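> So I've got this file, final.tsv, and it contains TSV, C-alpha atoms and all ligand atoms:
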chain	number	residue	atom	x	y	z
A	139	MET	CA	118.88	35.33	56.78
A	140	ALA	CA	119.35	33.45	60.04
A	141	LYS	CA	122.33	33.54	62.30
A	142	VAL	CA	122.88	29.90	63.25
A	143	VAL	CA	124.29	29.45	66.75
A	144	ALA	CA	125.20	26.12	68.36
A	145	VAL	CA	124.75	25.98	72.13
A	146	VAL	CA	127.55	23.61	72.94
A	147	ASN	CA	129.65	22.17	75.74
A	148	GLN	CA	130.65	18.52	75.84
A	149	LYS	CA	129.91	18.38	79.55
A	150	GLY	CA	126.43	17.42	80.66
A	151	GLY	CA	124.47	19.41	83.20
A	152	VAL	CA	126.14	22.77	82.54
A	153	GLY	CA	122.98	24.56	81.40
A	154	LYS	CA	123.02	24.08	77.60
A	155	THR	CA	119.36	23.16	77.29
A	156	THR	CA	118.25	25.75	79.84
A	157	THR	CA	120.22	28.37	77.93
A	158	ALA	CA	119.03	27.25	74.48
A	159	VAL	CA	115.35	27.25	75.54
A	160	ASN	CA	115.36	30.47	77.53
A	161	LEU	CA	117.60	32.38	75.16
A	162	ALA	CA	115.34	31.30	72.29
A	163	ALA	CA	112.25	32.46	74.19
A	164	SER	CA	113.92	35.75	75.11
A	165	LEU	CA	114.99	36.46	71.54
A	166	ALA	CA	111.40	35.71	70.46
A	167	TYR	CA	110.22	38.12	73.16
A	168	TYR	CA	112.32	40.81	71.46
A	169	GLY	CA	110.44	40.15	68.23
A	170	LYS	CA	112.87	37.78	66.53
A	171	LYS	CA	111.72	34.68	64.69
A	172	ILE	CA	113.52	31.72	66.18
A	173	LEU	CA	113.99	28.07	65.32
A	174	LEU	CA	115.32	25.89	68.13
A	175	ILE	CA	116.80	22.62	66.92
A	176	ASP	CA	116.92	19.97	69.65
A	177	ALA	CA	119.88	17.80	68.68
A	178	ASP	CA	119.93	15.82	71.92
A	179	ALA	CA	118.58	12.32	72.49
A	180	GLN	CA	117.29	13.38	75.90
A	181	GLY	CA	114.85	15.69	74.14
A	182	ASN	CA	114.89	18.05	77.11
A	183	ALA	CA	114.52	21.19	75.00
A	184	THR	CA	111.54	19.57	73.28
A	185	THR	CA	109.84	18.71	76.57
A	186	ALA	CA	110.69	22.15	77.95
A	187	LEU	CA	108.68	23.69	75.10
A	188	GLY	CA	105.66	21.51	75.81
A	189	VAL	CA	106.17	19.09	72.92
A	190	ASP	CA	106.20	15.32	73.47
A	191	PRO	CA	109.60	14.08	72.21
A	192	GLY	CA	108.13	10.67	71.36
A	193	GLU	CA	105.32	12.00	69.21
A	194	GLY	CA	106.42	13.24	65.81
A	195	ALA	CA	109.44	13.43	63.55
A	196	THR	CA	112.77	14.31	65.13
A	197	VAL	CA	116.08	15.71	64.02
A	198	PHE	CA	117.17	12.08	63.46
A	199	ASP	CA	114.66	11.81	60.60
A	200	LEU	CA	116.14	14.93	59.00
A	201	LEU	CA	119.71	13.73	59.27
A	202	ILE	CA	119.33	10.08	58.41
A	203	ASP	CA	116.14	9.78	56.34
A	204	ASP	CA	116.37	13.14	54.57
A	205	LEU	CA	112.96	14.21	55.86
A	206	PRO	CA	112.37	17.86	54.91
A	207	ILE	CA	112.88	20.03	57.97
A	208	THR	CA	109.49	21.68	57.41
A	209	ASP	CA	107.86	18.29	58.15
A	210	ALA	CA	109.47	18.23	61.59
A	211	ILE	CA	109.14	21.86	62.69
A	212	CYS	CA	106.31	22.59	65.09
A	213	GLY	CA	105.20	25.77	66.78
A	214	ALA	CA	105.83	26.29	70.48
A	215	THR	CA	103.50	28.10	72.86
A	216	THR	CA	105.77	31.15	72.70
A	217	PRO	CA	104.92	33.35	69.68
A	218	GLY	CA	107.78	33.52	67.22
A	219	LEU	CA	109.45	30.41	68.58
A	220	PHE	CA	109.53	27.19	66.53
A	221	LEU	CA	111.02	23.81	67.32
A	222	ALA	CA	112.63	20.95	65.43
A	223	PRO	CA	112.18	18.23	68.08
A	224	GLY	CA	114.82	15.90	69.46
A	225	GLY	CA	114.26	12.60	71.20
A	226	VAL	CA	115.53	9.18	71.97
A	227	SER	CA	116.04	8.17	68.31
A	228	LEU	CA	118.99	10.57	68.28
A	229	ALA	CA	120.86	8.16	70.56
A	230	GLY	CA	121.73	6.24	67.39
A	231	ALA	CA	122.56	9.31	65.34
A	232	ASP	CA	126.34	9.23	65.67
A	233	LEU	CA	126.48	5.65	64.40
A	234	ALA	CA	123.98	6.23	61.62
A	235	LEU	CA	125.73	9.42	60.55
A	236	ALA	CA	129.04	7.59	60.29
A	237	GLU	CA	127.52	5.56	57.43
A	238	ARG	CA	126.45	8.61	55.48
A	239	GLU	CA	128.31	10.48	52.78
A	240	ASN	CA	129.43	13.93	53.88
A	241	ARG	CA	128.41	12.88	57.31
A	242	ALA	CA	129.37	16.14	58.99
A	243	LEU	CA	127.26	18.26	56.66
A	244	CYS	CA	123.87	16.56	57.06
A	245	LEU	CA	122.44	19.12	59.47
A	246	ARG	CA	123.59	22.05	57.35
A	247	ARG	CA	121.83	20.49	54.35
A	248	SER	CA	118.65	20.02	56.41
A	249	ILE	CA	118.64	23.62	57.60
A	250	PHE	CA	119.32	25.08	54.15
A	251	PRO	CA	115.66	25.27	52.91
A	252	VAL	CA	114.48	27.30	55.94
A	253	TYR	CA	117.61	29.33	56.50
A	254	GLU	CA	116.10	32.55	55.13
A	255	GLU	CA	112.95	32.30	57.25
A	256	TYR	CA	114.39	32.89	60.71
A	257	ASP	CA	116.39	35.56	62.50
A	258	PHE	CA	118.20	33.00	64.66
A	259	ILE	CA	118.49	29.24	64.57
A	260	LEU	CA	119.75	27.85	67.88
A	261	ILE	CA	120.99	24.26	68.14
A	262	ASP	CA	120.86	22.54	71.53
A	263	CYS	CA	123.78	20.11	71.35
A	264	PRO	CA	124.26	16.76	73.10
A	265	PRO	CA	126.88	16.37	75.85
A	266	SER	CA	129.62	14.95	73.62
A	267	LEU	CA	131.93	15.92	70.79
A	268	GLY	CA	130.63	13.18	68.51
A	269	LEU	CA	129.30	13.47	64.96
A	270	LEU	CA	126.04	15.09	66.03
A	271	THR	CA	127.93	17.96	67.63
A	272	ILE	CA	130.31	18.14	64.66
A	273	ASN	CA	127.19	18.44	62.44
A	274	ALA	CA	125.90	21.25	64.64
A	275	LEU	CA	129.21	23.12	64.48
A	276	ALA	CA	129.55	22.65	60.74
A	277	ALA	CA	126.05	24.11	60.34
A	278	SER	CA	126.63	27.11	62.62
A	279	HIS	CA	128.08	30.56	62.19
A	280	SER	CA	129.09	30.65	65.81
A	281	LEU	CA	128.91	28.79	69.08
A	282	LEU	CA	127.67	29.89	72.43
A	283	ILE	CA	129.19	28.03	75.35
A	284	PRO	CA	127.34	27.76	78.66
A	285	CYS	CA	129.90	27.17	81.35
A	286	GLN	CA	129.45	26.27	84.96
A	287	CYS	CA	132.03	27.61	87.38
A	288	GLU	CA	133.92	24.48	88.26
A	289	PHE	CA	137.55	23.63	88.66
A	290	PHE	CA	137.65	21.65	85.38
A	291	SER	CA	135.63	24.10	83.29
A	292	LEU	CA	138.63	25.56	81.55
A	293	GLU	CA	140.01	22.15	80.58
A	294	GLY	CA	136.70	21.38	78.90
A	295	LEU	CA	136.81	24.67	77.02
A	296	VAL	CA	140.30	23.95	75.73
A	297	GLN	CA	139.16	20.53	74.46
A	298	LEU	CA	136.15	22.15	72.79
A	299	THR	CA	138.41	24.72	71.15
A	300	ARG	CA	140.38	21.92	69.52
A	301	THR	CA	137.18	20.52	68.00
A	302	VAL	CA	136.27	23.99	66.77
A	303	GLU	CA	139.67	24.24	65.08
A	304	GLN	CA	139.07	20.91	63.34
A	305	VAL	CA	135.68	22.03	62.09
A	306	GLN	CA	137.24	25.29	60.92
A	307	SER	CA	139.92	23.51	58.94
A	308	HIS	CA	137.61	20.86	57.42
A	309	TYR	CA	134.35	22.63	56.80
A	310	HIS	CA	133.96	26.13	57.91
A	311	PRO	CA	136.87	28.54	58.43
A	312	ALA	CA	134.59	31.36	59.59
A	313	LEU	CA	133.17	29.48	62.60
A	314	THR	CA	133.57	31.78	65.60
A	315	ILE	CA	132.96	31.67	69.33
A	316	GLU	CA	129.98	33.92	69.91
A	317	GLY	CA	130.60	33.94	73.62
A	318	ILE	CA	130.88	32.04	76.86
A	319	VAL	CA	128.13	32.45	79.42
A	320	LEU	CA	128.50	31.54	83.07
A	321	THR	CA	125.54	29.55	84.35
A	322	MET	CA	124.18	28.61	87.77
A	323	VAL	CA	126.22	31.39	89.32
A	324	THR	CA	126.13	31.87	93.08
A	325	ARG	CA	127.83	34.89	94.49
A	326	ARG	CA	129.26	33.11	97.46
A	327	LEU	CA	131.62	30.98	95.46
A	328	LYS	CA	135.13	32.35	95.28
A	329	LEU	CA	135.62	29.81	92.52
A	330	THR	CA	133.23	31.78	90.29
A	331	ARG	CA	135.58	34.75	90.35
A	332	GLN	CA	138.59	32.54	89.64
A	333	VAL	CA	136.96	30.72	86.72
A	334	GLU	CA	135.78	34.05	85.36
A	335	GLU	CA	139.33	35.43	85.46
A	336	GLU	CA	140.76	32.32	83.82
A	337	ILE	CA	138.20	32.44	81.00
A	338	ALA	CA	138.79	36.14	80.45
A	339	LYS	CA	142.53	35.44	80.22
A	340	HIS	CA	142.24	32.52	77.78
A	341	PHE	CA	139.29	33.80	75.74
A	342	PRO	CA	139.64	37.59	75.78
A	343	GLY	CA	136.43	39.45	74.98
A	344	LYS	CA	134.38	36.24	74.81
A	345	LEU	CA	132.79	36.18	78.25
A	346	PHE	CA	129.26	37.54	78.26
A	347	GLU	CA	128.78	40.26	80.86
A	348	THR	CA	125.44	38.68	81.74
A	349	LYS	CA	125.74	35.82	84.18
A	350	ILE	CA	122.91	33.38	84.73
A	351	PRO	CA	122.15	32.98	88.44
A	352	ARG	CA	121.15	29.73	90.01
A	353	ASN	CA	117.40	30.13	90.15
A	354	VAL	CA	114.81	27.52	91.02
A	355	ARG	CA	112.29	28.91	88.50
A	356	LEU	CA	114.64	27.96	85.68
A	357	SER	CA	114.63	24.34	86.80
A	358	GLU	CA	110.88	24.27	87.49
A	359	ALA	CA	109.69	25.78	84.21
A	360	PRO	CA	110.45	22.72	81.98
A	361	SER	CA	108.05	20.54	83.96
A	362	TYR	CA	105.28	22.94	82.92
A	363	GLY	CA	106.41	22.75	79.28
A	364	LYS	CA	107.25	26.43	79.25
A	365	PRO	CA	110.31	28.66	79.05
A	366	ALA	CA	110.90	30.48	82.35
A	367	LEU	CA	109.68	33.72	80.79
A	368	ALA	CA	106.21	32.24	80.34
A	369	TYR	CA	106.28	30.50	83.72
A	370	ASP	CA	107.47	33.40	85.88
A	371	ARG	CA	108.23	36.54	83.94
A	372	HIS	CA	109.76	38.28	86.97
A	373	ALA	CA	112.06	35.51	88.22
A	374	LYS	CA	115.72	36.45	88.31
A	375	GLY	CA	116.46	33.61	85.91
A	376	SER	CA	113.94	34.92	83.36
A	377	ARG	CA	115.35	38.42	83.62
A	378	ALA	CA	118.91	37.14	83.27
A	379	TYR	CA	118.08	35.37	79.99
A	380	LEU	CA	116.34	38.50	78.67
A	381	LYS	CA	119.51	40.41	79.47
A	382	LEU	CA	121.62	37.75	77.76
A	383	ALA	CA	119.42	37.98	74.66
A	384	LYS	CA	119.83	41.74	74.61
A	385	GLU	CA	123.58	41.45	75.00
A	386	LEU	CA	123.71	38.89	72.20
A	387	LEU	CA	121.67	41.14	69.90
A	388	GLU	CA	123.98	44.05	70.64
A	389	ARG	CA	127.26	42.26	70.12
A	390	THR	CA	126.55	39.61	67.49
A	391	GLN	CA	128.05	40.02	64.03
A	392	PRO	CA	125.85	39.55	60.95
A	393	PRO	CA	125.95	35.95	59.66
A	394	ASP	CA	128.54	35.06	57.06
A	395	PRO	CA	126.32	34.56	53.97
A	396	ALA	CA	128.83	32.18	52.42
A	397	LEU	CA	127.94	29.35	54.83
A	398	TYR	CA	124.46	28.92	53.37
A	399	ALA	CA	125.15	30.18	49.88
A	400	GLU	CA	123.68	28.00	47.11
A	401	GLN	CA	127.18	26.92	46.14
A	402	ALA	CA	128.56	26.80	49.66
A	403	PRO	CA	132.33	27.12	49.47
A	404	TYR	CA	132.77	25.46	52.83
A	405	GLY	CA	132.85	21.69	52.77
A	406	GLY	CA	132.58	20.41	49.22
A	407	GLU	CA	130.97	17.11	48.30
A	408	THR	CA	134.22	15.23	48.81
A	409	ASP	CA	135.35	17.05	51.89
A	410	ASP	CA	134.87	14.88	54.91
A	411	VAL	CA	136.43	14.50	58.29
A	412	SER	CA	138.02	11.14	59.03
A	413	HIS	CA	137.26	9.13	62.12
A	414	GLU	CA	140.75	9.81	63.41
A	415	THR	CA	140.25	13.56	63.45
A	416	ILE	CA	137.05	13.37	65.43
A	417	PRO	CA	138.05	13.57	69.06
A	418	ASP	CA	137.11	10.85	71.46
A	419	GLN	CA	133.82	11.30	73.14
A	420	ALA	CA	134.37	13.22	76.34
A	421	PRO	CA	133.11	11.61	79.50
A	422	GLU	CA	129.76	12.98	80.51
A	423	ALA	CA	129.74	15.06	83.62
A	424	THR	CA	127.83	13.99	86.64
A	425	PRO	CA	124.40	15.57	86.29
A	426	GLU	CA	123.80	18.61	88.39
A	427	PRO	CA	122.35	17.42	91.71
A	428	GLU	CA	118.79	18.43	92.35
A	429	GLY	CA	118.00	20.56	95.35
A	430	GLY	CA	120.53	22.61	97.26
A	431	GLU	CA	118.89	25.61	95.68
A	432	GLU	CA	120.23	28.89	96.86
A	433	GLU	CA	118.37	32.09	96.37
A	434	CYS	CA	119.65	33.51	93.13
A	435	GLN	CA	122.51	35.83	93.58
A	436	ASN	CA	123.35	37.36	90.30
A	437	GLU	CA	126.14	39.75	90.99
A	438	GLU	CA	124.54	42.15	88.57
A	439	ASP	CA	121.35	42.39	90.59
B	1	LIG	N1	120.53	28.74	86.25
B	1	LIG	C1	120.01	27.62	86.76
B	1	LIG	N2	119.47	27.60	87.99
B	1	LIG	C2	118.98	26.45	88.52
B	1	LIG	N3	118.96	25.28	87.88
B	1	LIG	C3	119.49	25.24	86.63
B	1	LIG	C4	120.03	26.40	86.00
B	1	LIG	N4	120.47	26.04	84.77
B	1	LIG	C5	120.22	24.74	84.64
B	1	LIG	N5	119.63	24.24	85.75
B	1	LIG	C6	119.23	22.85	86.00
B	1	LIG	O1	120.41	22.05	85.94
B	1	LIG	C7	120.17	20.84	85.26
B	1	LIG	C8	121.06	20.74	84.02
B	1	LIG	O2	120.75	21.80	83.14
B	1	LIG	P1	120.61	21.57	81.57
B	1	LIG	O3	120.24	22.89	80.98
B	1	LIG	O4	119.71	20.43	81.29
B	1	LIG	O5	122.11	21.19	81.20
B	1	LIG	P2	122.70	20.47	79.89
B	1	LIG	O6	121.74	20.71	78.77
B	1	LIG	O7	124.03	21.13	79.70
B	1	LIG	O8	122.84	19.02	80.23
B	1	LIG	C9	118.67	20.84	84.93
B	1	LIG	O9	118.01	20.16	85.93
B	1	LIG	C10	118.31	22.32	84.93
B	1	LIG	O10	116.96	22.53	85.26
B	2	MG	MG	120.80	19.32	77.50
Show me this structure written as structure tokens.
Ligand SMILES: Nc1ncnc2c1ncn2[C@@H]1O[C@H](COP(=O)(O)OP(=O)(O)O)[C@@H](O)[C@H]1O
Ligand SMILES: [Mg+2]


Amino acid sequence: MAKVVAVVNQKGGVGKTTTAVNLAASLAYYGKKILLIDADAQGNATTALGVDPGEGATVFDLLIDDLPITDAICGATTPGLFLAPGGVSLAGADLALAERENRALCLRRSIFPVYEEYDFILIDCPPSLGLLTINALAASHSLLIPCQCEFFSLEGLVQLTRTVEQVQSHYHPALTIEGIVLTMVTRRLKLTRQVEEEIAKHFPGKLFETKIPRNVRLSEAPSYGKPALAYDRHAKGSRAYLKLAKELLERTQPPDPALYAEQAPYGGETDDVSHETIPDQAPEATPEPEGGEEECQNEED
């Protein structure tokens, strides 16, 4: 039985895809069978695993055309890691989903047939709180939030929490926050410490001890179609994601079996969220500027 975890943050460029890909590869390294679902139109997770996002079926086909998920899943170069590809067709997913019945539960329905086959199913979410993200949350036992240490990080987390509460009340009361992981951490920034303290205060017990350092290997690996672990096993970034995987395995609770029970009690056929309750799409963050790489300075190292 899989634990389904959405990697989510409505801001762009905070390290969602990097976390989804490298956490998935690290969990596979520890012998777990992993499915990574790329729910983003940019298809970055797909490219990062060496699959051409324009080639085969994507998550859009599962959600909108009811394609069986097994027709979309492909193997990645990492043993034990499988991918349901994303790609540009997903740019129209929010609109197309709005036309569907039970529009927030399409992804959960797609996952259902393969739910027993994996140890973890990770969903790389798009940078918005639209219907695609709502689908991901309604299909997940928990969410993992990559968070960059910026002045507005906490505001974003509060907004995300409101969406989580809506999903809990409409579809899935047992949805929990698995944890918040700080990404692109540089030791020099005093801000890192402040953001860390604020998160610990507002989300007690939710901050992962492992912090992901800013590390150039993590940004290089996708262009080789590999997770960082396969690109440079000894890079600080690779080691940080292994540590995160270990921490996740140690602290994660077993999945609530009710979410994928045959007669799922959460979100009946008539239960649907109205347009009004779906929050406005959050503005996308300015993408992380390239360059300016500092030697990784994980405080744990
Ligand atoms: N820890 C890191 N160190 C260096 N670069 C990183 C790190 N995490 C992410 N990046 C880079 O930052 C950019 C945004 O990361 P990405 O994972 O795509 O964010 P998101 O999926 O939230 O939009 C990418 O270019 C990625 O390679
Ligand atoms: Mg992304």

> Counting all atoms listed in the file, which protein, DNA or RNA residues come within 6 Å of ligand LIG 1 (chain B), given as a PDB file with C-alpha atoms, keeping the file's coordinate frame?


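Contents of the output file selection-v2.pdb:
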ATOM      1  CA  GLY A 150     126.430  17.420  80.660  1.00  0.00           C
ATOM      2  CA  GLY A 151     124.470  19.410  83.200  1.00  0.00           C
ATOM      3  CA  VAL A 152     126.140  22.770  82.540  1.00  0.00           C
ATOM      4  CA  GLY A 153     122.980  24.560  81.400  1.00  0.00           C
ATOM      5  CA  LYS A 154     123.020  24.080  77.600  1.00  0.00           C
ATOM      6  CA  THR A 155     119.360  23.160  77.290  1.00  0.00           C
ATOM      7  CA  THR A 156     118.250  25.750  79.840  1.00  0.00           C
ATOM      8  CA  THR A 321     125.540  29.550  84.350  1.00  0.00           C
ATOM      9  CA  MET A 322     124.180  28.610  87.770  1.00  0.00           C
ATOM     10  CA  ILE A 350     122.910  33.380  84.730  1.00  0.00           C
ATOM     11  CA  PRO A 351     122.150  32.980  88.440  1.00  0.00           C
ATOM     12  CA  ARG A 352     121.150  29.730  90.010  1.00  0.00           C
ATOM     13  CA  ASN A 353     117.400  30.130  90.150  1.00  0.00           C
ATOM     14  CA  VAL A 354     114.810  27.520  91.020  1.00  0.00           C
ATOM     15  CA  LEU A 356     114.640  27.960  85.680  1.00  0.00           C
ATOM     16  CA  SER A 357     114.630  24.340  86.800  1.00  0.00           C
ATOM     17  CA  GLU A 426     123.800  18.610  88.390  1.00  0.00           C
TER      18      GLU A 426
END

> Using Å and a single decimal, report how far atom CA of A:Asp370 sits from atom CA of A:Glu358.

9.9 Å

> Please provide the set of residues having any atom within 8 Å of A:Ala231, restricted to all atoms listed in the file, with same-chain residues fewer than 3 positions apart removed, written as a PyMOL selection string.

chain A and resi 198+202+227-228+234-235+269-270

> Kindly provide, as a JSON list (two decimals) with C-alpha atoms, keeping the file's coordinate frame, the polymer residues lying within 10 Å of (136.1, 28.9, 63.0), counting all atoms listed in the file and using the coordinates exactly as they appear in the file.


[["chain", "number", "residue", "atom", "x", "y", "z"],
["A", 275, "LEU", "CA", 129.21, 23.12, 64.48],
["A", 276, "ALA", "CA", 129.55, 22.65, 60.74],
["A", 278, "SER", "CA", 126.63, 27.11, 62.62],
["A", 279, "HIS", "CA", 128.08, 30.56, 62.19],
["A", 280, "SER", "CA", 129.09, 30.65, 65.81],
["A", 281, "LEU", "CA", 128.91, 28.79, 69.08],
["A", 299, "THR", "CA", 138.41, 24.72, 71.15],
["A", 301, "THR", "CA", 137.18, 20.52, 68.00],
["A", 302, "VAL", "CA", 136.27, 23.99, 66.77],
["A", 303, "GLU", "CA", 139.67, 24.24, 65.08],
["A", 304, "GLN", "CA", 139.07, 20.91, 63.34],
["A", 305, "VAL", "CA", 135.68, 22.03, 62.09],
["A", 306, "GLN", "CA", 137.24, 25.29, 60.92],
["A", 307, "SER", "CA", 139.92, 23.51, 58.94],
["A", 308, "HIS", "CA", 137.61, 20.86, 57.42],
["A", 309, "TYR", "CA", 134.35, 22.63, 56.80],
["A", 310, "HIS", "CA", 133.96, 26.13, 57.91],
["A", 311, "PRO", "CA", 136.87, 28.54, 58.43],
["A", 312, "ALA", "CA", 134.59, 31.36, 59.59],
["A", 313, "LEU", "CA", 133.17, 29.48, 62.60],
["A", 314, "THR", "CA", 133.57, 31.78, 65.60],
["A", 315, "ILE", "CA", 132.96, 31.67, 69.33]]

> Please provide the set of residues having any atom within 7 Å of stretch 243-250 of chain A, restricted to only C-alpha atoms, with same-chain residues fewer than 6 positions apart removed, written as a VMD selection string.

chain A and resid 200 to 201 206 to 207 273 to 274 276 to 277 398

> Can you spit out the residues from that selection as a compact mmCIF listing (two decimals), in the coordinates of the input, using C-alpha atoms?


# COMPACT_ATOMS: atom_id res chain seq x y z
CA LEU A 200 116.14 14.93 59.00
CA LEU A 201 119.71 13.73 59.27
CA PRO A 206 112.37 17.86 54.91
CA ILE A 207 112.88 20.03 57.97
CA ASN A 273 127.19 18.44 62.44
CA ALA A 274 125.90 21.25 64.64
CA ALA A 276 129.55 22.65 60.74
CA ALA A 277 126.05 24.11 60.34
CA TYR A 398 124.46 28.92 53.37

> Compute the set of protein, DNA and RNA residues whose minimum atom distance to ligand MG 2 (chain B) is at most 10 Å, using all atoms listed in the file, and state it as a PDB file with C-alpha atoms, keeping the file's coordinate frame.


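As a result, selection30.pdb now contains:
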ATOM      1  CA  VAL A 145     124.750  25.980  72.130  1.00  0.00           C
ATOM      2  CA  VAL A 146     127.550  23.610  72.940  1.00  0.00           C
ATOM      3  CA  ASN A 147     129.650  22.170  75.740  1.00  0.00           C
ATOM      4  CA  LYS A 149     129.910  18.380  79.550  1.00  0.00           C
ATOM      5  CA  GLY A 150     126.430  17.420  80.660  1.00  0.00           C
ATOM      6  CA  GLY A 151     124.470  19.410  83.200  1.00  0.00           C
ATOM      7  CA  VAL A 152     126.140  22.770  82.540  1.00  0.00           C
ATOM      8  CA  GLY A 153     122.980  24.560  81.400  1.00  0.00           C
ATOM      9  CA  LYS A 154     123.020  24.080  77.600  1.00  0.00           C
ATOM     10  CA  THR A 155     119.360  23.160  77.290  1.00  0.00           C
ATOM     11  CA  THR A 156     118.250  25.750  79.840  1.00  0.00           C
ATOM     12  CA  THR A 157     120.220  28.370  77.930  1.00  0.00           C
ATOM     13  CA  ALA A 158     119.030  27.250  74.480  1.00  0.00           C
ATOM     14  CA  VAL A 159     115.350  27.250  75.540  1.00  0.00           C
ATOM     15  CA  ASP A 176     116.920  19.970  69.650  1.00  0.00           C
ATOM     16  CA  ALA A 177     119.880  17.800  68.680  1.00  0.00           C
ATOM     17  CA  ASP A 178     119.930  15.820  71.920  1.00  0.00           C
ATOM     18  CA  ALA A 179     118.580  12.320  72.490  1.00  0.00           C
ATOM     19  CA  GLN A 180     117.290  13.380  75.900  1.00  0.00           C
ATOM     20  CA  GLY A 181     114.850  15.690  74.140  1.00  0.00           C
ATOM     21  CA  ASN A 182     114.890  18.050  77.110  1.00  0.00           C
ATOM     22  CA  ALA A 183     114.520  21.190  75.000  1.00  0.00           C
ATOM     23  CA  ASP A 262     120.860  22.540  71.530  1.00  0.00           C
ATOM     24  CA  CYS A 263     123.780  20.110  71.350  1.00  0.00           C
ATOM     25  CA  PRO A 264     124.260  16.760  73.100  1.00  0.00           C
ATOM     26  CA  PRO A 265     126.880  16.370  75.850  1.00  0.00           C
TER      27      PRO A 265
END

> I'd like the contact shell of A:Ile259 - 10 Å cut-off, all atoms listed in the file, skipping same-chain residues fewer than 3 positions apart - returned as a PyMOL selection string.

chain A and resi 139-144+162+171-175+219-221+249+252-253+255-256+262+278-279

> Next, the residues of the selection above should be written as a PDB file, in the frame of the given file with C-alpha atoms.


ATOM      1  CA  MET A 139     118.880  35.330  56.780  1.00  0.00           C
ATOM      2  CA  ALA A 140     119.350  33.450  60.040  1.00  0.00           C
ATOM      3  CA  LYS A 141     122.330  33.540  62.300  1.00  0.00           C
ATOM      4  CA  VAL A 142     122.880  29.900  63.250  1.00  0.00           C
ATOM      5  CA  VAL A 143     124.290  29.450  66.750  1.00  0.00           C
ATOM      6  CA  ALA A 144     125.200  26.120  68.360  1.00  0.00           C
ATOM      7  CA  ALA A 162     115.340  31.300  72.290  1.00  0.00           C
ATOM      8  CA  LYS A 171     111.720  34.680  64.690  1.00  0.00           C
ATOM      9  CA  ILE A 172     113.520  31.720  66.180  1.00  0.00           C
ATOM     10  CA  LEU A 173     113.990  28.070  65.320  1.00  0.00           C
ATOM     11  CA  LEU A 174     115.320  25.890  68.130  1.00  0.00           C
ATOM     12  CA  ILE A 175     116.800  22.620  66.920  1.00  0.00           C
ATOM     13  CA  LEU A 219     109.450  30.410  68.580  1.00  0.00           C
ATOM     14  CA  PHE A 220     109.530  27.190  66.530  1.00  0.00           C
ATOM     15  CA  LEU A 221     111.020  23.810  67.320  1.00  0.00           C
ATOM     16  CA  ILE A 249     118.640  23.620  57.600  1.00  0.00           C
ATOM     17  CA  VAL A 252     114.480  27.300  55.940  1.00  0.00           C
ATOM     18  CA  TYR A 253     117.610  29.330  56.500  1.00  0.00           C
ATOM     19  CA  GLU A 255     112.950  32.300  57.250  1.00  0.00           C
ATOM     20  CA  TYR A 256     114.390  32.890  60.710  1.00  0.00           C
ATOM     21  CA  ASP A 262     120.860  22.540  71.530  1.00  0.00           C
ATOM     22  CA  SER A 278     126.630  27.110  62.620  1.00  0.00           C
ATOM     23  CA  HIS A 279     128.080  30.560  62.190  1.00  0.00           C
TER      24      HIS A 279
END

> At a cut-off of 12 Å, using all atoms listed in the file, what residues contact A:Arg371? Leave out same-chain residues fewer than 4 positions from it and give the result as a list in words.

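Once the adjacent positions are removed, what remains is Asn160, Ala163, Ser164, Tyr167, Arg355, Leu356, Ala359, Lys364, Pro365, Ala366, Leu367, Gly375, Ser376, Arg377, Ala378, Tyr379 and Leu380 of chain A.
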
> So the first atom is atom CA of A:Gln332 and the second is atom CA of A:Cys285; what is the distance between them in Å, to one decimal place?

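So the answer is 13.2 Å.
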
> When you draw a straight line from atom CA of A:Glu293 to atom CA of A:Ala229, how long is it in Å?

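We find that atom CA of A:Glu293 and atom CA of A:Ala229 lie 25.7 Å from each other.
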
> With all atoms listed in the file as the counted atoms, please give the residues lying no more than 8 Å from A:Val333, apart from itself and same-chain residues fewer than 2 positions off, as a list in words.

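What passes the distance filter is Cys287, Glu288, Phe289, Ser291, Leu292, Leu329, Thr330, Arg331, Glu335, Glu336 and Ile337 of chain A.
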
> Smallest atom-to-atom distance to A:Ala186: which of A:Pro360, A:Gly230, A:Pro395, A:Leu387, using all atoms listed in the file?

A:Pro360

> When you count only C-alpha atoms, which of these residues is closest to A:Thr215: A:Val197, A:Ala242, A:Val189, A:Ile272?

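The answer is A:Val189, which sits nearest to A:Thr215.
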
> Mind listing whatever residues come within 6 Å of the point (110.3, 12.1, 73.7)? Use only C-alpha atoms, file coordinates, and give them as a list in words.

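Here is the list of nearby residues: Gly181, Asp190, Pro191, Gly192 and Gly225 of chain A.
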
> Quick one: what's the axis-aligned box for stretch 343-348 of chain A, all listed atoms, 5 Å on every side, centre and edges in Å to one decimal, as lines of an AutoDock Vina configuration file?


center_x = 130.9
center_y = 38.2
center_z = 78.3
size_x = 21.0
size_y = 14.1
size_z = 16.9

> Choose the residue, out of A:Ala399, A:Gly188, A:Gln286, A:Pro217, that has the smallest atom-to-atom separation from A:Val323; count all atoms listed in the file.

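Between A:Ala399, A:Gly188, A:Gln286, A:Pro217, the residue approaching A:Val323 most closely is A:Gln286.
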